[in-house]
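A.B. asks: Handing over query.csv, CSV, C-alpha atoms.
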chain,number,residue,atom,x,y,z
A,1,MET,CA,2.6,33.9,-7.1
A,2,SER,CA,0.9,31.4,-9.3
A,3,ASP,CA,-2.3,29.6,-8.3
A,4,ASP,CA,-0.3,26.3,-7.9
A,5,GLU,CA,2.2,27.9,-5.5
A,6,HIS,CA,-0.7,29.5,-3.6
A,7,ASP,CA,-2.6,26.2,-3.4
A,8,SER,CA,0.7,24.5,-2.3
A,9,LYS,CA,1.3,27.0,0.5
A,10,GLU,CA,-2.3,26.8,1.6
A,11,LYS,CA,-2.0,23.0,1.8
A,12,GLU,CA,1.2,23.2,3.7
A,13,ALA,CA,-0.4,25.6,6.2
A,14,ARG,CA,-3.4,23.3,6.6
A,15,ASP,CA,-1.1,20.2,7.1
A,16,ARG,CA,0.9,22.1,9.7
A,17,ALA,CA,-2.3,23.2,11.5
A,18,ASP,CA,-3.7,19.6,11.3
A,19,ARG,CA,-0.4,18.1,12.7
A,20,GLU,CA,-0.4,20.7,15.6
A,21,ARG,CA,-4.0,20.0,16.4
A,22,GLU,CA,-3.3,16.2,16.3
A,23,ARG,CA,-0.2,16.7,18.5
A,24,GLN,CA,-2.2,18.7,21.1
A,25,GLU,CA,-5.1,16.2,21.1
A,26,GLN,CA,-2.7,13.3,21.6
A,27,ALA,CA,-0.8,15.1,24.4
A,28,ALA,CA,-4.1,15.6,26.3
A,29,LEU,CA,-4.7,11.9,26.5
A,30,PRO,CA,-3.9,10.2,29.9
A,31,TYR,CA,-1.5,7.8,28.1
A,32,ARG,CA,1.1,7.8,25.3
A,33,TRP,CA,1.0,5.3,22.4
A,34,THR,CA,2.9,4.1,19.4
A,35,GLN,CA,2.2,1.5,16.8
A,36,GLU,CA,3.7,-0.7,14.1
A,37,LEU,CA,1.6,-2.6,11.6
A,38,GLY,CA,1.2,-5.6,13.9
A,39,GLU,CA,1.2,-4.1,17.3
A,40,VAL,CA,0.3,-1.1,19.6
A,41,ASP,CA,2.3,-0.1,22.7
A,42,ILE,CA,0.7,2.1,25.3
A,43,THR,CA,2.3,3.7,28.3
A,44,VAL,CA,0.0,4.7,31.2
A,45,PRO,CA,1.5,6.9,33.9
A,46,VAL,CA,0.6,5.8,37.5
A,47,PRO,CA,1.5,7.4,40.9
A,48,LYS,CA,5.1,6.7,41.8
A,49,GLY,CA,5.4,3.7,44.1
A,50,THR,CA,2.5,1.9,42.6
A,51,ARG,CA,2.8,-1.9,42.9
A,52,ALA,CA,1.3,-4.5,40.4
A,53,ARG,CA,-1.1,-5.7,43.1
A,54,ASP,CA,-2.5,-2.1,43.3
A,55,LEU,CA,-3.5,-2.2,39.7
A,56,LEU,CA,-6.6,-3.4,37.9
A,57,VAL,CA,-5.7,-4.1,34.2
A,58,VAL,CA,-8.3,-5.8,32.0
A,59,ILE,CA,-7.4,-6.6,28.4
A,60,GLN,CA,-10.2,-8.1,26.2
A,61,LYS,CA,-10.6,-8.6,22.4
A,62,LYS,CA,-12.3,-5.2,22.0
A,63,LYS,CA,-12.0,-3.5,25.4
A,64,ILE,CA,-9.3,-2.3,27.7
A,65,SER,CA,-9.3,-0.8,31.2
A,66,VAL,CA,-6.3,0.3,33.3
A,67,GLY,CA,-6.5,1.9,36.8
A,68,LEU,CA,-5.8,1.6,40.5
A,69,LYS,CA,-8.1,-0.7,42.4
A,70,GLY,CA,-11.0,1.2,44.0
A,71,GLN,CA,-10.6,4.2,41.8
A,72,GLU,CA,-11.9,5.4,38.4
A,73,PRO,CA,-9.9,3.8,35.6
A,74,ILE,CA,-7.2,6.0,34.0
A,75,LEU,CA,-7.9,4.4,30.7
A,76,ALA,CA,-11.1,2.6,29.8
A,77,GLY,CA,-13.2,1.9,26.8
A,78,ASP,CA,-13.7,0.1,23.5
A,79,LEU,CA,-10.6,-0.5,21.4
A,80,CYS,CA,-10.9,0.9,17.9
A,81,LYS,CA,-10.0,-2.5,16.5
A,82,GLU,CA,-9.8,-6.1,17.7
A,83,ILE,CA,-6.6,-7.6,19.3
A,84,LYS,CA,-5.2,-11.0,20.1
A,85,VAL,CA,-5.8,-11.2,23.8
A,86,GLU,CA,-3.5,-14.2,24.4
A,87,GLU,CA,-0.6,-12.4,22.8
A,88,SER,CA,-1.1,-9.1,24.5
A,89,THR,CA,0.6,-8.3,27.8
A,90,TRP,CA,1.2,-5.6,30.4
A,91,THR,CA,4.0,-4.8,32.9
A,92,LEU,CA,4.6,-2.2,35.6
A,93,GLU,CA,7.8,-0.3,35.0
A,94,ASP,CA,9.7,1.5,37.7
A,95,GLN,CA,6.6,1.6,39.9
A,96,GLN,CA,5.3,4.5,37.8
A,97,SER,CA,4.2,3.4,34.3
A,98,VAL,CA,2.0,0.6,33.1
A,99,LEU,CA,3.4,-0.7,29.7
A,100,ILE,CA,0.8,-2.4,27.6
A,101,HIS,CA,1.6,-4.4,24.5
A,102,LEU,CA,-1.4,-5.2,22.2
A,103,GLU,CA,-1.1,-7.6,19.3
A,104,LYS,CA,-3.4,-6.5,16.5
A,105,LEU,CA,-5.7,-9.0,15.0
A,106,ASN,CA,-5.3,-7.4,11.6
A,107,LYS,CA,-1.6,-6.9,11.2
A,108,GLN,CA,-2.0,-4.9,7.9
A,109,GLU,CA,-3.9,-1.9,9.3
A,110,TRP,CA,-2.8,1.3,11.0
A,111,TRP,CA,-5.0,2.3,14.0
A,112,GLU,CA,-6.4,5.9,14.0
A,113,ASN,CA,-6.7,5.8,17.8
A,114,VAL,CA,-6.5,3.3,20.7
A,115,LEU,CA,-10.0,3.9,22.2
A,116,SER,CA,-12.8,4.5,19.7
A,117,HIS,CA,-14.0,7.6,21.6
A,118,HIS,CA,-10.6,9.3,21.6
A,119,PRO,CA,-9.3,11.7,18.9
A,120,LYS,CA,-8.0,10.1,15.7
A,121,ILE,CA,-4.7,10.5,14.0
A,122,ASP,CA,-4.3,10.8,10.2
A,123,THR,CA,-3.0,7.3,9.3
A,124,ARG,CA,-2.2,8.5,5.8
A,125,LYS,CA,0.7,10.5,7.3
A,126,ILE,CA,2.3,7.6,9.1
A,127,GLN,CA,5.9,7.0,7.9
A,128,PRO,CA,6.6,3.3,8.7
A,129,GLU,CA,10.2,2.2,9.4
A,130,ASN,CA,11.9,0.3,6.7
A,131,SER,CA,11.2,-3.4,7.3
A,132,LYS,CA,13.6,-6.2,6.6
A,133,LEU,CA,12.7,-9.2,4.4
A,134,SER,CA,13.4,-11.4,7.5
A,135,ASP,CA,10.5,-9.6,9.3
A,136,LEU,CA,8.0,-11.0,6.8
A,137,ASP,CA,6.2,-14.3,7.0
A,138,GLY,CA,7.3,-16.9,4.5
A,139,GLU,CA,4.6,-16.5,1.9
A,140,THR,CA,4.9,-12.7,1.8
A,141,ARG,CA,8.7,-12.9,1.8
A,142,GLY,CA,8.6,-15.3,-1.2
A,143,LEU,CA,6.3,-12.9,-3.1
A,144,VAL,CA,8.5,-9.9,-2.4
A,145,GLU,CA,11.6,-11.8,-3.4
A,146,LYS,CA,9.9,-12.9,-6.7
A,147,MET,CA,8.9,-9.3,-7.4
A,148,MET,CA,12.4,-8.1,-6.8
A,149,PHE,CA,13.9,-10.8,-9.0
A,150,ASP,CA,11.4,-10.1,-11.8
A,151,ASN,CA,12.1,-6.4,-11.6
A,152,GLN,CA,15.8,-6.9,-11.8
A,153,GLN,CA,15.4,-9.3,-14.8
A,154,ARG,CA,13.2,-6.8,-16.7
A,155,GLN,CA,15.8,-4.1,-16.1
A,156,LEU,CA,18.5,-6.4,-17.6
A,157,GLY,CA,16.2,-7.3,-20.5
A,158,LYS,CA,16.1,-11.0,-19.3
A,159,PRO,CA,13.0,-13.2,-18.8
A,160,THR,CA,11.0,-13.0,-15.6
A,161,SER,CA,10.4,-16.0,-13.3
A,162,ASP,CA,7.1,-16.7,-15.0
A,163,GLU,CA,8.6,-16.5,-18.4
A,164,LEU,CA,11.5,-18.8,-17.3
A,165,LYS,CA,8.9,-21.3,-15.9
A,166,LYS,CA,7.0,-21.3,-19.3
A,167,MET,CA,10.3,-21.8,-21.2
A,168,GLU,CA,11.3,-24.7,-18.9
A,169,THR,CA,7.8,-26.3,-19.3
A,170,LEU,CA,8.1,-26.0,-23.1
A,171,LYS,CA,11.6,-27.6,-23.1
A,172,LYS,CA,10.3,-30.5,-21.1
A,173,PHE,CA,7.3,-30.9,-23.5
A,174,GLN,CA,9.6,-30.8,-26.5
A,175,ALA,CA,11.9,-33.4,-25.0
A,176,ALA,CA,9.0,-35.6,-24.2
A,177,HIS,CA,7.6,-35.2,-27.8
A,178,PRO,CA,10.6,-35.2,-30.3
A,179,GLU,CA,8.2,-36.2,-33.1
A,180,LEU,CA,6.5,-32.8,-33.0
A,181,ASP,CA,7.9,-29.8,-35.0
A,182,PHE,CA,8.0,-26.6,-33.0
A,183,SER,CA,10.1,-24.6,-35.5
A,184,LYS,CA,7.2,-22.4,-36.7
A,185,ALA,CA,5.4,-22.2,-33.4
A,186,LYS,CA,4.7,-18.8,-31.9
A,187,ILE,CA,4.7,-19.2,-28.2
A,188,SER,CA,4.1,-16.3,-25.8
Would you write the structure of this file as structure tokens?
C.D. replies:
Amino acid sequence: MSDDEHDSKEKEARDRADRERERQEQAALPYRWTQELGEVDITVPVPKGTRARDLLVVIQKKKISVGLKGQEPILAGDLCKEIKVEESTWTLEDQQSVLIHLEKLNKQEWWENVLSHHPKIDTRKIQPENSKLSDLDGETRGLVEKMMFDNQQRQLGKPTSDELKKMETLKKFQAAHPELDFSKAKIS
């Protein structure tokens, strides 16, 4: 076995061990959580038959607490990142789970954990779902569409949007100044 193959097998074994450790750490938490770039969803199990009025749920910009009134919170502490409180919500589902939806303040960042004192996940290994252009805000969508157009134009050997814009500006200038001779001009 070559050194490269040996290193590759060692790396695979390390990755497998890291994933298993991460899975066990996350399974030991008193809640489950998932995330997308802009939001985090948390499910906190509560005793069957729990009613909303039995709960004490506090959602703040950098803190969260979920529990039954008069008891120690099931989930409490500092959030690892800030959230938009006014766009974050919670609901009680089937009188046995509290579903919490948190809107991230920074929608371009993966969270390593929910509470800063809990075990972290390796965010470099997150496989995001494919997003649709329609999911993007107008400015980002325009930029992505321009990049896609320019890439397609390059593949076809045609001018990019910036080059087309320069050519159009030059044509307008030439039309406005017919007295000038552009025949020997080198324009890039």
A.B. asks: Excluding region 25-31 of chain A and its own-chain neighbours fewer than 3 positions away, which residues fall within 6 Å of it when counting only C-alpha atoms? Please give them as a list in words.
C.D. replies: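 Selected residues are Glu22, Thr43 and Val44 of chain A.
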A.B. asks: Could you check which residues have any atom within 12 Å of (9.4, 1.1, 34.5), counting all atoms listed in the file with coordinates taken straight from the file, and then list them as a list in words?
C.D. replies: Thr43, Val44, Pro45, Val46, Pro47, Lys48, Gly49, Thr50, Arg51, Ala52, Trp90, Thr91, Leu92, Glu93, Asp94, Gln95, Gln96, Ser97, Val98, Leu99 and Ile100 of chain A
A.B. asks: If we count only C-alpha atoms, what is near Ser65 (chain A) at a cut-off of 7 Å, once residues fewer than 5 positions away on the same chain are taken out, given as JSON, numbers by chain?
C.D. replies: {"A": [57, 58, 59, 73, 75, 76, 77]}
A.B. asks: Write to file, as an mmCIF file, in the frame of the given file, the residues of the selection just made, with C-alpha atoms.
C.D. replies:
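Output saved as out_22.cif:
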data_model
loop_
_atom_site.group_PDB
_atom_site.id
_atom_site.type_symbol
_atom_site.label_atom_id
_atom_site.label_comp_id
_atom_site.auth_asym_id
_atom_site.auth_seq_id
_atom_site.Cartn_x
_atom_site.Cartn_y
_atom_site.Cartn_z
ATOM 1 C CA VAL A 57 -5.700 -4.100 34.200
ATOM 2 C CA VAL A 58 -8.300 -5.800 32.000
ATOM 3 C CA ILE A 59 -7.400 -6.600 28.400
ATOM 4 C CA PRO A 73 -9.900 3.800 35.600
ATOM 5 C CA LEU A 75 -7.900 4.400 30.700
ATOM 6 C CA ALA A 76 -11.100 2.600 29.800
ATOM 7 C CA GLY A 77 -13.200 1.900 26.800
#
A.B. asks: Within 7 Å of (-10.8, 1.4, 20.8), only C-alpha atoms: residues as a list in words?
C.D. replies: Lys62, Lys63, Gly77, Asp78, Leu79, Cys80, Lys81, Asn113, Val114, Leu115 and Ser116 of chain A
A.B. asks: Could you tell me how far CA of His6 (chain A) lies from CA of Ile121 (chain A), in Å and to one decimal?
C.D. replies: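 Rounded to one decimal, the two atoms are 26.2 Å apart.
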A.B. asks: Nearest to Arg124 (chain A) among A:Ile42, A:Phe149, A:Trp111, A:Asp54, with distances taken over all atoms listed in the file: which residue is it?
C.D. replies: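 Among the listed residues, the smallest separation from Arg124 (chain A) belongs to A:Trp111.
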A.B. asks: For CA of His118 (chain A) and CA of Ala17 (chain A), quote the distance in Å rounded to one decimal.
C.D. replies: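 Rounded to one decimal, the two atoms are 19.1 Å apart.
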A.B. asks: Interatomic distance between CA of Arg19 (chain A) and CA of Leu105 (chain A)?
C.D. replies: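 For CA of Arg19 (chain A) relative to CA of Leu105 (chain A), the distance reads 27.7 Å.
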